[in-house]
Amino acid sequence: MSESYGEKNPALENALSKSTADFYVPDGRDVLSRMDAYYSWVKSRVRTNTWQYSRTQTSRPGPVITATDAGGRQMEGVNFASQDYLGLSAHPDVLKAAQEALLRYGPHSAGSPMFMGQTDLVPQLEEKLQELTGMEHVLIFPTGWAAGFSSLTGLVRKNDYIVMDRLAHACLRQGAYAATANVFKFDHLDHEDARKILASIRAKDAANGILVVSEGLFSMNADTPDIRRLQEICHEFGARLLMDVAHDLGATGPEGSGQLGIQGMKGRVDLVMGSFSKTFAANGGFIATHSAAVKEYLKMYAGPYLFSNAVSPVQTAAALQASRIITAPEGAGLRKLSLGNTLHMRARFASNNQPCLGIAAPIVLVPVGGERHARLSHSLLMKKNIAAMIVEYPVVPLSEARIRLQLMSTHTIGQINHAVDHICEVLDEVRKK
Ligand SMILES: Cc1ncc(COP(=O)(O)O)c(C=O)c1O
């Protein structure tokens with residue numbers, strides 16, 4: 001059912017009000033039956049086409065996509081909602097490598113890497129990641145989430161401290177609280193705030209460990225910390241720095257080295273983790289370290305490494321082939337196209353008087369404001385056959401919703417212009433409501 005928002009419409013009003021924060025602590029003591037209020041709110045959003053989640057793609061995640069939303073509405077149009085920054089998921093060499101791995105090793109790993117689930121593709125992928133990060137040792141995980149969660153739960157113990165950027169990814173936040181109750185957050189990108197927290201910890205405790213956590217490119221803000229300064233501050237207080245480079249490694253920087261390379265910090269950060277689910281056209285993740293001991297320790301003490309099956313051979317082969325392209329001149333060419341697309345999109349928004357957040361990166365974020373406007377934008381963009389991700393709480397703070405556009409090097413200028421112009425029209429329309 002399609003709803004108009006011109007006149008009073010109770011179903012739509014219900015869908016546009018509230019947020020997931022209202023349902024986090026449901027009423028009742030039966031843990032299974034107390035989700036009904038949330039479920040009926042979700043259904044009202046699905047019915048009114050204001051539920052931006054759970055869309056199903058029915059084709060490859062390319063610049064053009066066919067997809068179906070949770071209410072069964074179909075769209076075919078331009079796609080800025082997939083994290084395939086260099087377009088490698090459609091690269092013939094990546095597809096061929098994945099196919100060959102499927103035929104040679106079968107579809108799954110059939111075991112934890114500690115119990116013979118690892119294929120001989122994995123050490124090759126580790127080597128490529130060593131080259132990309134400039135770190136001597138790499139450990140591969142079945143997802144980036146597992147790598148992030150493990151980097152904290154594997155290394156940090158209950159008397160230790162985690163000091164993290166307030167906006168660090170959920171796998172790091174959840175890993176932090178699973179590792180220790182001593183979790184402190186510093187204001188986003190504010191290394192002086194991090195310094196104050198570190199100083200106050202060290203004033204009371206000189207004996208236990210501190211791991212500081214940040215990201216190379218924050219995907220909800222398209223910004224980056226001063227990595228060198230942050231690490232200097234860490235070392236002043238005997239703390240170590242972990243950088244999550246999920247969004248920038250491969251997609252940006254010299255030879256695909258991301259913000260580490262751009263900021264002259266490749267191979268110089270204490271600990272690095274990342275994901276293959278963006279630029280590397282695969283599922284999987286990694287932790288990179290300078291220490292053979294840290295790698296060996298994580299194999300035994302990172303739960304998702306010991307107790308979960310190894311990354312599948314098909315995904316390993318895809319990530320390996322993608323990383324070969326990323327480090328080759330072809331990768332440099334794709335990054336050049338990607339940067340050109342980014343700069344063009346940002347300029348096109350600017351010429352429509354629409355600001356974007358952050359720096360030039362393959363993620364362009366357009367602030368929308370309230371959840372109400374964001375949900376209406378989703379409905380209108382779907383009608384215009386534009387796939388973009390509407391991001392609202394809990395992914396970003398309440399009342400700070402935004403449209404997230406993820407660019408691929410394979411997008412055309414025509415597709416970018418089409419999307420930007422329609423998005424600006426949609427925003428003009430919803431802001432009048
Ligand atoms: C910054 C960051 N870290 C980690 C992850 C988790 O990666 P994966 O999707 O491979 O589990 C993501 C993915 O959303 C991410 O954006």
# chains A, B, ... in the order shown; residues from 1 in each chain; ligands from 1
>>> residues_near_ligand(ligand="ligand 1", cutoff="10 Å", atoms="only C-alpha atoms and all ligand atoms", output="ChimeraX atom specification")
/A:83,141-149,167-172,214-220,243-248,273-278,280,282-286
>>> residues_around(residues="Val78 (chain A)", least_positions_apart="6", cutoff="10 Å", atoms="only C-alpha atoms", output="JSON, numbers by chain")
{"A": [62, 63, 64, 65, 66, 384, 385, 386, 387, 388, 411, 415, 416, 418, 419]}
>>> write_last_selection(atoms="C-alpha atoms", output="compact mmCIF listing (two decimals), in the first residue's frame")
# COMPACT_ATOMS: atom_id res chain seq x y z
CA GLY A 62 27.05 -3.10 -9.90
CA PRO A 63 26.35 0.55 -10.78
CA VAL A 64 22.93 -0.64 -11.95
CA ILE A 65 21.02 -3.08 -9.79
CA THR A 66 17.70 -4.84 -9.51
CA LYS A 384 12.77 7.16 -8.57
CA ASN A 385 14.72 3.89 -8.86
CA ILE A 386 17.75 5.16 -6.97
CA ALA A 387 19.37 2.78 -4.50
CA ALA A 388 21.07 4.69 -1.71
CA HIS A 411 29.84 4.51 -12.10
CA GLN A 415 24.62 8.03 -13.37
CA ILE A 416 26.13 10.34 -10.78
CA HIS A 418 21.08 11.58 -12.37
CA ALA A 419 21.33 10.46 -8.73
>>> closest_atom_pairs(of="region 91-124 of chain A", to="region 309-316 of chain A", cutoff="7 Å", atoms="only C-alpha atoms", output="JSON lines")
{"residue": "A:Ala98", "atom": "CA", "partner": "A:Val314", "partner_atom": "CA", "distance": 4.9}
{"residue": "A:Ala101", "atom": "CA", "partner": "A:Val314", "partner_atom": "CA", "distance": 5.3}
{"residue": "A:Leu102", "atom": "CA", "partner": "A:Val314", "partner_atom": "CA", "distance": 5.5}
{"residue": "A:Tyr105", "atom": "CA", "partner": "A:Pro313", "partner_atom": "CA", "distance": 6.5}
{"residue": "A:Pro107", "atom": "CA", "partner": "A:Val314", "partner_atom": "CA", "distance": 6.3}
{"residue": "A:His108", "atom": "CA", "partner": "A:Ser312", "partner_atom": "CA", "distance": 4.7}
{"residue": "A:Ser109", "atom": "CA", "partner": "A:Ser312", "partner_atom": "CA", "distance": 4.9}
{"residue": "A:Ala110", "atom": "CA", "partner": "A:Asn309", "partner_atom": "CA", "distance": 6.5}
{"residue": "A:Gly111", "atom": "CA", "partner": "A:Asn309", "partner_atom": "CA", "distance": 4.7}
{"residue": "A:Ser112", "atom": "CA", "partner": "A:Asn309", "partner_atom": "CA", "distance": 3.9}
{"residue": "A:Pro113", "atom": "CA", "partner": "A:Ala310", "partner_atom": "CA", "distance": 5.0}
{"residue": "A:Gly117", "atom": "CA", "partner": "A:Ala310", "partner_atom": "CA", "distance": 5.5}
{"residue": "A:Gln118", "atom": "CA", "partner": "A:Ala310", "partner_atom": "CA", "distance": 5.9}
{"residue": "A:Thr119", "atom": "CA", "partner": "A:Pro313", "partner_atom": "CA", "distance": 6.6}
{"residue": "A:Leu121", "atom": "CA", "partner": "A:Thr316", "partner_atom": "CA", "distance": 6.5}
{"residue": "A:Val122", "atom": "CA", "partner": "A:Thr316", "partner_atom": "CA", "distance": 6.5}
>>> write_last_selection(atoms="C-alpha atoms", output="compact mmCIF listing (two decimals), in the first residue's frame")
# COMPACT_ATOMS: atom_id res chain seq x y z
CA ALA A 98 36.41 -17.76 -7.39
CA ALA A 101 38.54 -22.27 -6.20
CA LEU A 102 34.99 -23.61 -6.06
CA TYR A 105 38.33 -26.87 -2.97
CA PRO A 107 32.24 -24.26 -1.49
CA HIS A 108 33.25 -24.24 2.19
CA SER A 109 36.23 -24.64 4.43
CA ALA A 110 34.74 -27.52 6.45
CA GLY A 111 36.66 -26.66 9.60
CA SER A 112 38.20 -24.07 11.87
CA PRO A 113 41.60 -22.87 10.64
CA GLY A 117 39.89 -25.74 7.62
CA GLN A 118 42.50 -23.45 6.12
CA THR A 119 43.34 -23.83 2.42
CA LEU A 121 45.15 -19.94 -0.62
CA VAL A 122 45.15 -18.34 2.84
>>> closest_residue(among="A:Arg346, A:Ser399, A:Ser150, A:Pro367", to="Val420 (chain A)", atoms="only C-alpha atoms")
A:Arg346
>>> closest_residue(among="A:Ser200, A:Met35, A:Leu271, A:Gly77", to="Gln231 (chain A)", atoms="only C-alpha atoms")
A:Leu271
>>> closest_residue(among="A:Ile140, A:Leu132, A:Leu88, A:Val366", to="Pro61 (chain A)", atoms="only C-alpha atoms")
A:Leu88
>>> select_by_dssp(residues="region 157-392 of chain A", states="helix (DSSP H, G or I)", output="number ranges by chain")
A: 170-179, 191-204, 227-236, 254-256, 258-262, 292-301, 303-306, 313-327, 329-351, 371-383
>>> select_by_dssp(residues="region 181-289 of chain A", states="strand (DSSP E)", output="list in words")
Val183, Phe184, Lys185, Phe186, Ile210, Leu211, Val212, Val213, Ser214, Glu215, Arg240, Leu241, Leu242, Met243, Asp244, Leu271, Val272, Met273, Gly274, Ser275, Gly285, Phe286, Ile287, Ala288 and Thr289 of chain A
>>> atom_distance(atom1="CA of Ala15 (chain A)", atom2="CA of Tyr393 (chain A)")
14.4 Å
>>> atom_distance(atom1="CA of Leu241 (chain A)", atom2="CA of Ser338 (chain A)")
29.0 Å
>>> residues_around(residues="Ile197 (chain A)", least_positions_apart="6", cutoff="12 Å", atoms="only C-alpha atoms", output="ChimeraX atom specification")
/A:161-165,182-187,190-191,203-204,210,212,233-234,237,239
>>> atom_distance(atom1="CA of Val138 (chain A)", atom2="CA of Lys299 (chain A)")
10.9 Å
>>> closest_residue(among="A:Ser379, A:Met345, A:Glu131, A:Leu16", to="Ser323 (chain A)", atoms="only C-alpha atoms")
A:Glu131
>>> residues_around(residues="Arg348 (chain A)", least_positions_apart="4", cutoff="9 Å", atoms="only C-alpha atoms", output="MDAnalysis selection string")
chainID A and resid 343:344 352:354 416:417 420:421
>>> residues_around(residues="Asp22 (chain A)", least_positions_apart="4", cutoff="10 Å", atoms="only C-alpha atoms", output="short mmCIF file (atom, residue, chain, number, x, y, z; two decimals) with N, CA and C atoms, in the first residue's frame")
data_model
loop_
_atom_site.label_atom_id
_atom_site.label_comp_id
_atom_site.auth_asym_id
_atom_site.auth_seq_id
_atom_site.Cartn_x
_atom_site.Cartn_y
_atom_site.Cartn_z
N LYS A 18 9.04 7.57 16.44
CA LYS A 18 9.85 6.59 17.18
C LYS A 18 11.17 6.26 16.45
N PRO A 26 12.62 -3.89 25.83
CA PRO A 26 11.19 -4.15 25.69
C PRO A 26 10.53 -4.50 27.03
N ALA A 37 5.68 -5.22 20.01
CA ALA A 37 5.52 -3.79 19.73
C ALA A 37 6.50 -3.37 18.63
N TYR A 38 7.73 -3.89 18.74
CA TYR A 38 8.73 -3.57 17.71
C TYR A 38 8.29 -4.10 16.35
#
>>> residues_around(residues="Leu86 (chain A)", least_positions_apart="2", cutoff="9 Å", atoms="only C-alpha atoms", output="tab-separated table (two decimals) with N, CA and C atoms, in the first residue's frame")
chain	number	residue	atom	x	y	z
A	83	GLN	N	29.01	-1.72	-1.39
A	83	GLN	CA	30.37	-1.34	-0.99
A	83	GLN	C	31.39	-2.07	-1.85
A	84	ASP	N	31.39	-1.74	-3.13
A	84	ASP	CA	32.28	-2.44	-4.08
A	84	ASP	C	33.08	-1.34	-4.78
A	88	LEU	N	35.22	-4.44	-8.26
A	88	LEU	CA	35.93	-5.69	-8.53
A	88	LEU	C	35.03	-6.93	-8.47
A	89	SER	N	33.83	-6.80	-7.93
A	89	SER	CA	32.97	-8.00	-7.85
A	89	SER	C	32.51	-8.42	-9.25
A	250	GLY	N	42.81	-0.45	0.02
A	250	GLY	CA	42.50	-0.92	-1.33
A	250	GLY	C	41.82	0.14	-2.16
A	251	ALA	N	40.94	0.92	-1.53
A	251	ALA	CA	40.12	1.88	-2.29
A	251	ALA	C	40.82	3.20	-2.50
A	278	LYS	N	34.37	-4.83	1.32
A	278	LYS	CA	34.18	-3.59	0.56
A	278	LYS	C	34.96	-3.70	-0.76
A	279	THR	N	36.22	-3.26	-0.75
A	279	THR	CA	36.98	-3.19	-2.00
A	279	THR	C	37.44	-4.55	-2.51
A	280	PHE	N	37.51	-5.55	-1.63
A	280	PHE	CA	38.14	-6.82	-2.00
A	280	PHE	C	37.14	-7.84	-2.57
A	281	ALA	N	35.89	-7.41	-2.81
A	281	ALA	CA	34.90	-8.24	-3.51
A	281	ALA	C	34.70	-9.61	-2.89
A	326	ILE	N	44.35	-4.76	-6.95
A	326	ILE	CA	44.49	-3.53	-6.16
A	326	ILE	C	45.93	-3.02	-6.16
A	331	GLY	N	44.84	-1.33	-10.55
A	331	GLY	CA	44.21	-0.82	-9.32
A	331	GLY	C	44.37	0.68	-9.21
A	334	LEU	N	41.89	2.28	-11.41
A	334	LEU	CA	40.54	2.24	-10.85
A	334	LEU	C	40.38	3.25	-9.72
A	335	ARG	N	41.42	3.42	-8.90
A	335	ARG	CA	41.34	4.42	-7.81
A	335	ARG	C	41.26	5.83	-8.38
A	337	LEU	N	39.84	6.64	-11.24
A	337	LEU	CA	38.44	6.80	-11.68
A	337	LEU	C	37.53	7.06	-10.47
A	338	SER	N	37.77	6.30	-9.40
A	338	SER	CA	36.96	6.42	-8.19
A	338	SER	C	37.06	7.84	-7.62
A	407	LEU	N	30.33	5.15	-3.85
A	407	LEU	CA	30.68	5.24	-5.27
A	407	LEU	C	31.55	4.07	-5.69
A	408	MET	N	31.36	3.66	-6.94
A	408	MET	CA	32.24	2.65	-7.54
A	408	MET	C	33.02	3.33	-8.65
A	409	SER	N	34.20	2.80	-8.94
A	409	SER	CA	34.97	3.39	-10.03
A	409	SER	C	34.24	3.15	-11.36
A	410	THR	N	33.31	2.21	-11.37
A	410	THR	CA	32.59	1.88	-12.60
A	410	THR	C	31.30	2.70	-12.79
>>> closest_residue(among="A:Val42, A:Leu320, A:Cys424, A:Leu357", to="Leu380 (chain A)", atoms="only C-alpha atoms")
A:Cys424
>>> closest_residue(among="A:Ala194, A:Ala322, A:Ile390, A:Val25", to="Pro92 (chain A)", atoms="only C-alpha atoms")
A:Ala322
